[in-house]
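A short worksheet on the structure shown next.
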Amino acid sequence: MNRALTMHDLVLAGIAAAAGLLLAFLSRTVLRWLAKHAKRTRWSGDDVIVEALRSVVPWAAIAGGAAAAAAVLPLTRTVRHHTDQFLEVWVILVVTVSAARVIAGLVQSVTQSRSGVAGSATIFVNITRVLVLAIGFLVVLQTLGVSIAPLLTALGVGGLAVALALQDTLANLFAGIHILASKTVQPGDYIRLSSGEEGYVVDINWRQTTVRQLSNNLVVIPNGQLAKTNMTNYTRPEQQLTILVQVGVSYDSDLDHVERVTHEVIAETMTGVAGAVPDHEPAIRFHTFGDSRIGFTVILGVGEFSDQYRIKHEFIKSLHRRYRAEGIRIPSPVRTVALQQGAVVIPQQRSLEEPAPAVSE
């Protein structure tokens, strides 16, 4: 415009800018109220959406007020063009960041609900966020008048060189995607590798898998190595599992009595210890005539892998206490030792836990 700036223009511009600021303040207040109500719902997606709107709506309102203020001012064509372009880029960046936050949050919500654990598989979240930000960046370049066709061509050629230079990184990336897509391992599963590492899977990201051991230490395993190694997943196909407890009684024991007493101890343990599965049908199987005992196996059901240690602890204590009360003897291993005195050999029976007697010359 060619006309001069007047006080009336400044007043209108100030009103427009103030209206934008006021609208931003009111929208932020309303969205804060909505966020409190969204936390009460079961679906976590509404929390993500409201949180993203809290960042995009106020900035959009401020941008709208600035655009209205610029519209009433007598700006030259060049200044108006640059002002409009700046506001467009501003809005695009705000919307892109908010969209990346919303979509990544929704992806994280879906991965959590499907795996049923508190942890998250951040590989999908990171890929989604990068893709949305990349699209927003290309839109910004197009808005600024920069042709993106040569850029895409350069990225295609340069991508081949990058792929060759980052073979290990890309191998870990695609291995992580394959692991999650095949659902062989999910965050929250308890796994054991053939190399000896074991623990709960905390997270699977674009490069590595983090495993938390029972000692609360973290083990970091590259996705490529995890995909190649032999692995036992103690959480799939179901979380409940059975454990075996080896027991032995003396040869003079009444096996029917032993079986009945053991079943009673199992019933007490399954109903009184946290992590046990009372509905699981226990089993007692005699299997071995040993050197000093008749061996049998007790099969118990536990809720998940780490519960077995507490259940074994309580079961063995209760079984030992009950056997002593019932007069059922658990013999210690016995070995025959020959003591040579001159030309006479005297066989003796002793426990392996006793010290060996001195041999006379």
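Each chain of the structure tokens is named A, B, ... in the order shown, its residues numbered from 1; ligands are numbered from 1 in display order.
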Just the residues within 10 Å of A:His37, please, counting only C-alpha atoms, with nothing from its chain fewer than 4 positions along; format it as a VMD selection string. chain A and resid 31 to 33 41 46 to 47
Once you have the residues from the selection above, write them out as a PDB file, in the first residue's frame, restricted to all heavy atoms.
ATOM      1  N   LEU A  31      -8.323 -26.200  27.067  1.00  0.00           N
ATOM      2  CA  LEU A  31      -7.663 -27.466  26.792  1.00  0.00           C
ATOM      3  C   LEU A  31      -7.052 -28.079  28.056  1.00  0.00           C
ATOM      4  O   LEU A  31      -6.979 -29.308  28.176  1.00  0.00           O
ATOM      5  CB  LEU A  31      -6.578 -27.272  25.731  1.00  0.00           C
ATOM      6  CG  LEU A  31      -7.107 -26.972  24.324  1.00  0.00           C
ATOM      7  CD1 LEU A  31      -5.964 -26.586  23.400  1.00  0.00           C
ATOM      8  CD2 LEU A  31      -7.845 -28.180  23.764  1.00  0.00           C
ATOM      9  N   ARG A  32      -6.618 -27.247  29.002  1.00  0.00           N
ATOM     10  CA  ARG A  32      -6.128 -27.773  30.278  1.00  0.00           C
ATOM     11  C   ARG A  32      -7.263 -28.466  31.031  1.00  0.00           C
ATOM     12  O   ARG A  32      -7.078 -29.516  31.655  1.00  0.00           O
ATOM     13  CB  ARG A  32      -5.536 -26.646  31.115  1.00  0.00           C
ATOM     14  CG  ARG A  32      -4.868 -27.158  32.387  1.00  0.00           C
ATOM     15  CD  ARG A  32      -4.358 -26.036  33.259  1.00  0.00           C
ATOM     16  NE  ARG A  32      -3.336 -25.264  32.585  1.00  0.00           N
ATOM     17  CZ  ARG A  32      -3.475 -23.991  32.210  1.00  0.00           C
ATOM     18  NH1 ARG A  32      -4.622 -23.357  32.431  1.00  0.00           N
ATOM     19  NH2 ARG A  32      -2.500 -23.351  31.614  1.00  0.00           N
ATOM     20  N   TRP A  33      -8.467 -27.859  30.955  1.00  0.00           N
ATOM     21  CA  TRP A  33      -9.633 -28.477  31.590  1.00  0.00           C
ATOM     22  C   TRP A  33      -9.998 -29.795  30.905  1.00  0.00           C
ATOM     23  O   TRP A  33     -10.346 -30.786  31.560  1.00  0.00           O
ATOM     24  CB  TRP A  33     -10.798 -27.498  31.543  1.00  0.00           C
ATOM     25  CG  TRP A  33     -12.084 -28.050  32.087  1.00  0.00           C
ATOM     26  CD1 TRP A  33     -12.450 -28.169  33.390  1.00  0.00           C
ATOM     27  CD2 TRP A  33     -13.180 -28.579  31.309  1.00  0.00           C
ATOM     28  NE1 TRP A  33     -13.694 -28.728  33.493  1.00  0.00           N
ATOM     29  CE2 TRP A  33     -14.168 -28.996  32.236  1.00  0.00           C
ATOM     30  CE3 TRP A  33     -13.409 -28.719  29.953  1.00  0.00           C
ATOM     31  CZ2 TRP A  33     -15.370 -29.546  31.823  1.00  0.00           C
ATOM     32  CZ3 TRP A  33     -14.605 -29.283  29.534  1.00  0.00           C
ATOM     33  CH2 TRP A  33     -15.572 -29.682  30.454  1.00  0.00           C
ATOM     34  N   THR A  41     -10.619 -41.137  31.396  1.00  0.00           N
ATOM     35  CA  THR A  41     -11.117 -42.148  30.465  1.00  0.00           C
ATOM     36  C   THR A  41     -10.120 -43.294  30.357  1.00  0.00           C
ATOM     37  O   THR A  41      -8.938 -43.150  30.676  1.00  0.00           O
ATOM     38  CB  THR A  41     -11.362 -41.530  29.077  1.00  0.00           C
ATOM     39  OG1 THR A  41     -10.127 -41.030  28.561  1.00  0.00           O
ATOM     40  CG2 THR A  41     -12.366 -40.389  29.174  1.00  0.00           C
ATOM     41  N   ASP A  46      -7.072 -40.098  23.766  1.00  0.00           N
ATOM     42  CA  ASP A  46      -7.594 -38.746  23.951  1.00  0.00           C
ATOM     43  C   ASP A  46      -6.624 -37.875  24.732  1.00  0.00           C
ATOM     44  O   ASP A  46      -6.552 -36.660  24.509  1.00  0.00           O
ATOM     45  CB  ASP A  46      -8.960 -38.787  24.645  1.00  0.00           C
ATOM     46  CG  ASP A  46      -8.908 -39.585  25.947  1.00  0.00           C
ATOM     47  OD1 ASP A  46      -7.844 -40.142  26.264  1.00  0.00           O
ATOM     48  OD2 ASP A  46      -9.951 -39.655  26.641  1.00  0.00           O
ATOM     49  N   ASP A  47      -5.843 -38.471  25.635  1.00  0.00           N
ATOM     50  CA  ASP A  47      -4.813 -37.707  26.344  1.00  0.00           C
ATOM     51  C   ASP A  47      -3.771 -37.168  25.360  1.00  0.00           C
ATOM     52  O   ASP A  47      -3.333 -36.018  25.477  1.00  0.00           O
ATOM     53  CB  ASP A  47      -4.120 -38.593  27.387  1.00  0.00           C
ATOM     54  CG  ASP A  47      -5.086 -39.096  28.448  1.00  0.00           C
ATOM     55  OD1 ASP A  47      -6.113 -38.435  28.660  1.00  0.00           O
ATOM     56  OD2 ASP A  47      -4.808 -40.137  29.052  1.00  0.00           O
TER      57      ASP A  47
END
Env of stretch 80-87 of chain A: 9 Å cut, atoms = only C-alpha atoms, seq-sep filter 2 positions within chain, self excluded. Answer as a PyMOL selection string. chain A and resi 63-64+66-67+70-71+75-78+89-92+143-144
Export of the given selection (N, CA and C atoms) as a short mmCIF file (atom, residue, chain, number, x, y, z; two decimals), in the first residue's frame:
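Result saved to result37.cif:
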data_model
loop_
_atom_site.label_atom_id
_atom_site.label_comp_id
_atom_site.auth_asym_id
_atom_site.auth_seq_id
_atom_site.Cartn_x
_atom_site.Cartn_y
_atom_site.Cartn_z
N ALA A 63 -0.64 -16.78 15.71
CA ALA A 63 -0.34 -16.55 14.30
C ALA A 63 -1.51 -15.89 13.59
N GLY A 64 -2.74 -16.29 13.93
CA GLY A 64 -3.92 -15.66 13.34
C GLY A 64 -4.03 -14.19 13.72
N ALA A 66 -1.52 -12.24 14.52
CA ALA A 66 -0.45 -11.53 13.81
C ALA A 66 -0.82 -11.32 12.34
N ALA A 67 -1.46 -12.32 11.73
CA ALA A 67 -1.88 -12.18 10.33
C ALA A 67 -2.94 -11.09 10.19
N ALA A 70 -1.25 -7.75 10.48
CA ALA A 70 -0.52 -7.39 9.26
C ALA A 70 -1.47 -6.99 8.15
N ALA A 71 -2.69 -7.55 8.16
CA ALA A 71 -3.64 -7.23 7.09
C ALA A 71 -4.15 -5.80 7.17
N LEU A 75 1.27 -2.17 4.61
CA LEU A 75 2.58 -2.74 4.29
C LEU A 75 2.79 -2.78 2.78
N THR A 76 4.04 -2.73 2.40
CA THR A 76 4.36 -2.87 0.97
C THR A 76 4.14 -4.31 0.53
N ARG A 77 4.11 -4.50 -0.78
CA ARG A 77 3.84 -5.84 -1.29
C ARG A 77 4.93 -6.83 -0.89
N THR A 78 6.18 -6.36 -0.91
CA THR A 78 7.28 -7.26 -0.55
C THR A 78 7.23 -7.64 0.92
N VAL A 89 4.94 -20.53 7.36
CA VAL A 89 5.96 -21.47 7.83
C VAL A 89 5.79 -21.74 9.31
N TRP A 90 5.47 -20.71 10.06
CA TRP A 90 5.26 -20.84 11.50
C TRP A 90 4.13 -21.85 11.77
N VAL A 91 3.00 -21.66 11.11
CA VAL A 91 1.86 -22.56 11.33
C VAL A 91 2.18 -23.97 10.88
N ILE A 92 2.88 -24.11 9.74
CA ILE A 92 3.22 -25.45 9.25
C ILE A 92 4.13 -26.17 10.25
N THR A 143 6.78 -24.32 0.51
CA THR A 143 6.18 -23.02 0.82
C THR A 143 7.17 -21.89 0.60
N LEU A 144 8.43 -22.12 0.89
CA LEU A 144 9.45 -21.10 0.69
C LEU A 144 9.88 -20.96 -0.77
#
Excluding stretch 227-236 of chain A and residues on its chain fewer than 4 positions from it, collect all residues at most 7 Å away from it, counting only C-alpha atoms, and give them as a short mmCIF file (atom, residue, chain, number, x, y, z; two decimals) with C-alpha atoms, in the first residue's frame.
data_model
loop_
_atom_site.label_atom_id
_atom_site.label_comp_id
_atom_site.auth_asym_id
_atom_site.auth_seq_id
_atom_site.Cartn_x
_atom_site.Cartn_y
_atom_site.Cartn_z
CA ALA A 175 15.77 -56.96 12.58
CA ILE A 179 11.00 -59.18 15.69
CA ASP A 189 8.30 -60.82 27.92
CA TYR A 190 10.81 -62.84 29.96
CA ILE A 191 13.43 -64.32 27.63
CA ARG A 192 16.63 -66.34 27.93
CA LEU A 193 19.28 -66.39 25.19
CA SER A 194 21.54 -69.29 24.33
CA ASN A 223 18.58 -56.41 17.34
CA PHE A 305 8.61 -66.72 35.50
#
Which residue is closest to A:Leu226? Choose from A:His263, A:Arg285, A:His178, A:His257 and count only C-alpha atoms.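 Nearest to A:Leu226: A:His178.
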